[in-house]
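Data block for my_file26.cif (mmCIF, C-alpha atoms and all ligand atoms):
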```
data_query
loop_
_atom_site.label_atom_id
_atom_site.label_comp_id
_atom_site.auth_asym_id
_atom_site.auth_seq_id
_atom_site.Cartn_x
_atom_site.Cartn_y
_atom_site.Cartn_z
CA MET A 21 11.37 9.89 9.40
CA SER A 22 11.16 7.30 12.13
CA GLY A 23 12.40 9.95 14.53
CA ASN A 24 9.43 12.21 13.85
CA PRO A 25 7.80 12.90 17.25
CA TYR A 26 4.41 13.22 15.58
CA LEU A 27 4.43 9.67 14.34
CA PRO A 28 2.60 7.09 16.43
CA SER A 29 4.59 4.50 18.25
CA ARG A 30 5.03 1.07 16.80
CA ARG A 31 3.48 -0.41 19.92
CA ARG A 32 0.25 1.43 19.30
CA PHE A 33 0.23 0.16 15.74
CA LEU A 34 0.61 -3.40 16.97
CA GLN A 35 -2.21 -2.97 19.46
CA TRP A 36 -4.40 -1.74 16.67
CA GLY A 37 -3.40 -4.76 14.61
CA ILE A 38 -4.50 -7.12 17.33
CA ALA A 39 -7.85 -5.37 17.66
CA ALA A 40 -8.34 -5.52 13.92
CA ALA A 41 -7.46 -9.20 13.87
CA ALA A 42 -10.04 -9.95 16.52
CA SER A 43 -12.86 -8.07 14.85
CA LEU A 44 -12.06 -9.28 11.36
CA SER A 45 -11.18 -12.88 12.10
CA TYR A 46 -14.42 -14.22 10.67
CA SER A 47 -14.05 -12.41 7.35
CA ALA A 48 -10.38 -13.21 7.11
CA VAL A 49 -10.81 -16.95 6.99
CA MET A 50 -13.55 -16.89 4.38
CA PRO A 51 -12.71 -17.63 0.76
CA ALA A 52 -12.96 -14.58 -1.46
CA GLY A 53 -16.02 -15.83 -3.31
CA ALA A 54 -18.04 -16.17 -0.14
CA PHE A 55 -17.74 -12.51 0.72
CA ALA A 56 -20.56 -11.44 -1.56
CA ALA A 57 -23.26 -12.03 1.03
CA GLN A 58 -21.21 -10.36 3.76
CA LYS A 59 -20.12 -6.81 4.12
CA ASP A 60 -17.38 -6.43 1.54
CA TRP A 61 -14.17 -7.47 3.30
CA ARG A 62 -12.21 -4.61 1.79
CA GLN A 63 -14.78 -2.15 3.07
CA ALA A 64 -14.65 -3.81 6.49
CA ILE A 65 -10.90 -3.18 6.54
CA LEU A 66 -11.41 0.43 5.43
CA ASP A 67 -14.10 1.20 8.02
CA ARG A 68 -11.65 2.14 10.78
CA ASP A 69 -8.69 4.37 11.43
CA ARG A 70 -6.18 3.51 8.74
CA TRP A 71 -2.56 2.98 9.72
CA LEU A 72 0.21 2.14 7.34
CA SER A 73 3.78 1.00 7.82
CA LEU A 74 5.98 1.69 4.81
CA GLU A 75 9.65 1.70 3.92
CA ARG A 76 11.28 3.30 0.93
CA GLY A 77 13.78 0.83 -0.49
CA LYS A 78 16.26 3.20 -2.02
CA THR A 79 16.56 5.62 0.90
CA GLY A 80 15.74 3.35 3.84
CA GLU A 81 13.18 5.85 5.15
CA LYS A 82 10.49 4.21 7.27
CA ALA A 83 7.31 5.42 8.86
CA VAL A 84 4.32 4.03 10.70
CA PHE A 85 1.51 6.53 10.39
CA LEU A 86 -2.20 7.19 10.56
CA TYR A 87 -3.42 8.62 7.27
CA TYR A 88 -7.19 8.35 7.67
CA ARG A 89 -9.36 8.92 10.69
CA TYR A 90 -12.52 6.91 10.65
CA GLY A 91 -15.55 9.17 10.44
CA LYS A 92 -13.39 12.21 9.73
CA GLY A 93 -11.44 11.56 6.57
CA PHE A 94 -7.87 11.78 5.41
CA ASP A 95 -5.31 13.06 7.85
CA PRO A 96 -3.22 15.67 5.98
CA ARG A 97 -0.04 14.83 7.87
CA GLY A 98 -0.36 11.10 7.28
CA TYR A 99 -1.27 11.63 3.66
CA ASP A 100 1.83 13.80 3.21
CA ILE A 101 4.03 11.10 4.78
CA ALA A 102 2.64 8.58 2.31
CA CYS A 103 3.27 10.93 -0.63
CA HIS A 104 6.79 11.58 0.62
CA LEU A 105 7.62 7.88 0.80
CA LEU A 106 6.07 7.34 -2.63
CA ARG A 107 7.87 10.28 -4.26
CA ASP A 108 10.22 10.11 -7.22
CA VAL A 109 13.46 9.86 -5.25
CA THR A 110 15.64 10.04 -8.35
CA SER A 111 14.09 13.30 -9.51
CA GLY A 112 13.38 14.62 -6.03
CA VAL A 113 9.73 15.28 -6.85
CA THR A 114 6.81 14.64 -4.49
CA TYR A 115 3.38 14.22 -6.03
CA ARG A 116 -0.14 14.16 -4.66
CA MET A 117 -0.71 10.43 -4.89
CA ASP A 118 -4.10 8.94 -5.66
CA ALA A 119 -5.61 8.22 -2.24
CA ARG A 120 -6.98 4.93 -3.55
CA LEU A 121 -3.42 3.69 -4.03
CA ILE A 122 -2.65 4.42 -0.38
CA ASP A 123 -5.80 2.54 0.58
CA LEU A 124 -4.75 -0.37 -1.61
CA LEU A 125 -1.37 -0.64 0.16
CA TYR A 126 -3.22 -0.43 3.47
CA ILE A 127 -5.65 -3.22 2.54
CA ILE A 128 -2.76 -5.43 1.44
CA GLN A 129 -0.94 -4.78 4.69
CA VAL A 130 -3.93 -5.41 6.94
CA TRP A 131 -4.72 -8.62 5.11
CA LEU A 132 -1.17 -9.89 5.58
CA ARG A 133 -1.26 -9.01 9.26
CA LEU A 134 -4.52 -10.84 9.71
CA LYS A 135 -3.00 -13.87 8.02
CA LYS A 136 0.05 -13.57 10.30
CA LEU A 137 2.29 -13.24 7.26
CA PRO A 138 5.18 -10.82 6.75
CA TYR A 139 3.67 -7.40 6.07
CA HIS A 140 6.59 -5.00 5.88
CA ILE A 141 5.96 -3.20 2.60
CA ILE A 142 9.02 -1.84 0.84
CA ILE A 143 8.41 0.59 -1.97
CA ASN A 144 10.70 0.16 -4.95
CA SER A 145 8.96 2.80 -7.00
CA GLY A 146 5.99 5.12 -6.54
CA TYR A 147 5.47 8.35 -8.41
CA ARG A 148 7.70 8.93 -11.44
CA THR A 149 8.11 12.13 -13.38
CA PRO A 150 7.41 11.62 -17.10
CA GLU A 151 11.08 12.37 -17.77
CA TYR A 152 12.36 9.76 -15.35
CA ASN A 153 9.76 7.23 -16.47
CA ALA A 154 10.86 7.65 -20.09
CA LYS A 155 14.40 6.67 -19.14
CA LEU A 156 13.36 3.33 -17.68
CA ALA A 157 13.84 0.46 -20.09
CA LYS A 158 10.82 -1.57 -19.00
CA SER A 159 8.37 1.24 -18.43
CA VAL A 160 5.49 2.11 -20.69
CA LYS A 161 4.73 5.65 -21.78
CA LYS A 162 1.28 5.71 -20.23
CA SER A 163 2.60 4.35 -16.94
CA GLN A 164 0.28 4.78 -13.98
CA HIS A 165 3.37 5.74 -11.98
CA VAL A 166 3.41 9.05 -13.85
CA LEU A 167 -0.16 9.68 -12.67
CA GLY A 168 0.56 8.87 -9.03
CA ARG A 169 -1.60 5.77 -9.19
CA ALA A 170 0.97 2.97 -9.00
CA ALA A 171 3.60 1.46 -6.75
CA ASP A 172 6.12 -1.35 -7.20
CA ILE A 173 6.38 -3.17 -3.89
CA ARG A 174 8.04 -6.13 -2.24
CA ILE A 175 7.73 -7.70 1.18
CA PRO A 176 10.72 -9.40 2.80
CA GLY A 177 9.79 -12.94 3.75
CA LEU A 178 6.91 -13.11 1.28
CA SER A 179 7.43 -14.44 -2.24
CA VAL A 180 6.47 -12.25 -5.17
CA GLU A 181 4.11 -15.05 -6.20
CA ASP A 182 2.24 -14.85 -2.88
CA LEU A 183 2.19 -11.07 -2.99
CA ASN A 184 0.90 -11.23 -6.55
CA ARG A 185 -1.86 -13.64 -5.53
CA LEU A 186 -2.94 -11.40 -2.68
CA ALA A 187 -2.92 -8.24 -4.80
CA ARG A 188 -5.09 -10.00 -7.37
CA ALA A 189 -7.47 -11.15 -4.64
CA VAL A 190 -7.92 -7.57 -3.46
CA GLY A 191 -9.11 -6.98 -7.00
CA VAL A 192 -9.20 -3.21 -7.16
CA GLY A 193 -6.67 -2.45 -9.87
CA GLY A 194 -3.81 -3.55 -12.04
CA VAL A 195 -1.37 -6.16 -10.76
CA GLY A 196 1.85 -7.02 -12.56
CA ILE A 197 4.34 -9.56 -11.29
CA TYR A 198 8.04 -9.10 -12.01
CA PRO A 199 9.71 -12.24 -10.64
CA GLY A 200 13.10 -11.40 -12.12
CA ASP A 201 13.14 -8.03 -10.40
CA GLY A 202 11.49 -9.31 -7.24
CA PHE A 203 8.55 -6.93 -7.02
CA VAL A 204 4.86 -6.64 -7.76
CA HIS A 205 3.34 -3.61 -9.45
CA VAL A 206 -0.02 -2.50 -8.08
CA ASP A 207 -2.14 0.38 -9.35
CA VAL A 208 -5.66 1.75 -9.13
CA ALA A 209 -6.35 2.17 -12.84
CA GLY A 210 -8.76 -0.69 -13.41
CA VAL A 211 -8.40 -4.43 -12.98
CA ARG A 212 -5.71 -5.93 -15.23
CA THR A 213 -3.04 -8.55 -14.63
CA TRP A 214 0.24 -9.26 -16.37
CA LYS A 215 3.68 -10.76 -15.98
CA GLY A 216 6.74 -8.61 -16.55
ZN ZN A 301 5.13 -0.39 -11.71
#
```
Would you put the structure from the file into structure tokens?
Amino acid sequence: MSGNPYLPSRRRFLQWGIAAAASLSYSAVMPAGAFAAQKDWRQAILDRDRWLSLERGKTGEKAVFLYYRYGKGFDPRGYDIACHLLRDVTSGVTYRMDARLIDLLYIIQVWLRLKKLPYHIIINSGYRTPEYNAKLAKSVKKSQHVLGRAADIRIPGLSVEDLNRLARAVGVGGVGIYPGDGFVHVDVAGVRTWKG
């Protein structure tokens, strides 16, 4: 997918990152609890064009794409790229992912960039068909993966503990840490935390 001529260049993404860092630097250094009196920091991150850089672990597919245009809404092409990267690669099924999950990955990525930490998100698992999900030893029947609301992610250069801490700080959904498997589960089905 990186050869797609419609995808924005990496350079443009980096320029955007620098602009975001400059405008958000005040919020970024504040402790989470102090945000209450300010504009919500997650909303501040969302109030702009939303770019995401994702890689699918199993296939090696990568894309840097715009999926939301500020003031206009979701970009169908970018949204489709996200759904493609989050598809059930074992079953070969693409699903219309919950847009809030895509936003969650985006918020995590922007936060890491602002903190000058590794931010390359690799997706271990996104959507799962009920059939495929049932075959997985550790999965639960009511998995949010089956509903297109969850992703298992890892970031090279960032420990699962740090990624877990960040995902919890974002505070918009479920966060499960799987240290033995080296990934963190994030979903948009209500705030819960657990260790796998
Ligand atoms: Zn999961």
Could you produce a table of the residues of chain A lying within 10 Å of ligand ZN 301 (chain A), with the nearest pair of atoms per residue and their separation in Å rounded to one decimal, using all atoms listed in the file, ordered by chain and increasing residue number, as a tab-separated table?
```
residue	atom	partner	partner_atom	distance
A:Asn144	CA	A:ZN301	ZN	8.8
A:Ser145	CA	A:ZN301	ZN	6.9
A:Gly146	CA	A:ZN301	ZN	7.6
A:Tyr147	CA	A:ZN301	ZN	9.3
A:Arg148	CA	A:ZN301	ZN	9.7
A:Lys158	CA	A:ZN301	ZN	9.3
A:Ser159	CA	A:ZN301	ZN	7.6
A:Val160	CA	A:ZN301	ZN	9.3
A:Ser163	CA	A:ZN301	ZN	7.5
A:Gln164	CA	A:ZN301	ZN	7.4
A:His165	CA	A:ZN301	ZN	6.4
A:Val166	CA	A:ZN301	ZN	9.8
A:Arg169	CA	A:ZN301	ZN	9.5
A:Ala170	CA	A:ZN301	ZN	6.0
A:Ala171	CA	A:ZN301	ZN	5.5
A:Asp172	CA	A:ZN301	ZN	4.7
A:Ile173	CA	A:ZN301	ZN	8.4
A:Gly194	CA	A:ZN301	ZN	9.5
A:Val195	CA	A:ZN301	ZN	8.7
A:Gly196	CA	A:ZN301	ZN	7.4
A:Ile197	CA	A:ZN301	ZN	9.2
A:Tyr198	CA	A:ZN301	ZN	9.2
A:Phe203	CA	A:ZN301	ZN	8.7
A:Val204	CA	A:ZN301	ZN	7.4
A:His205	CA	A:ZN301	ZN	4.3
A:Val206	CA	A:ZN301	ZN	6.6
A:Asp207	CA	A:ZN301	ZN	7.7
A:Gly216	CA	A:ZN301	ZN	9.7
```
Neighbours of range 189-193 of chain A within 8 Å (all atoms listed in the file; same-chain residues fewer than 4 positions away dropped), as a PDB file with C-alpha atoms, in the frame of the given file?
```pdb
ATOM      1  CA  ALA A  52     -12.960 -14.580  -1.460  1.00  0.00           C
ATOM      2  CA  ARG A  62     -12.210  -4.610   1.790  1.00  0.00           C
ATOM      3  CA  LEU A 124      -4.750  -0.370  -1.610  1.00  0.00           C
ATOM      4  CA  ILE A 127      -5.650  -3.220   2.540  1.00  0.00           C
ATOM      5  CA  ILE A 128      -2.760  -5.430   1.440  1.00  0.00           C
ATOM      6  CA  ARG A 185      -1.860 -13.640  -5.530  1.00  0.00           C
ATOM      7  CA  VAL A 206      -0.020  -2.500  -8.080  1.00  0.00           C
ATOM      8  CA  ASP A 207      -2.140   0.380  -9.350  1.00  0.00           C
ATOM      9  CA  VAL A 208      -5.660   1.750  -9.130  1.00  0.00           C
ATOM     10  CA  ALA A 209      -6.350   2.170 -12.840  1.00  0.00           C
ATOM     11  CA  GLY A 210      -8.760  -0.690 -13.410  1.00  0.00           C
ATOM     12  CA  VAL A 211      -8.400  -4.430 -12.980  1.00  0.00           C
ATOM     13  CA  ARG A 212      -5.710  -5.930 -15.230  1.00  0.00           C
TER      14      ARG A 212
END
```
Separation of CA of Glu151 in chain A and CA of Thr213 in chain A, in Å?
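CA of Thr213 in chain A lies 25.4 Å from CA of Glu151 in chain A.
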What does the distance from CA of Gln63 in chain A to CA of Ile122 in chain A come to in Å, to one decimal?
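Distance between the two atoms: 14.2 Å.
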Spatial sel., origin (10.3, 5.6, 3.8), limit 12 Å, all atoms listed in the file, listed as a PyMOL selection string:
chain A and resi 21-23+72-85+100-109+140-146
Would you mind reading off the distance between CA of Asp67 in chain A and CA of Gly91 in chain A, one decimal, in Å?
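Answer for the CA of Asp67 in chain A to CA of Gly91 in chain A separation: 8.5 Å.
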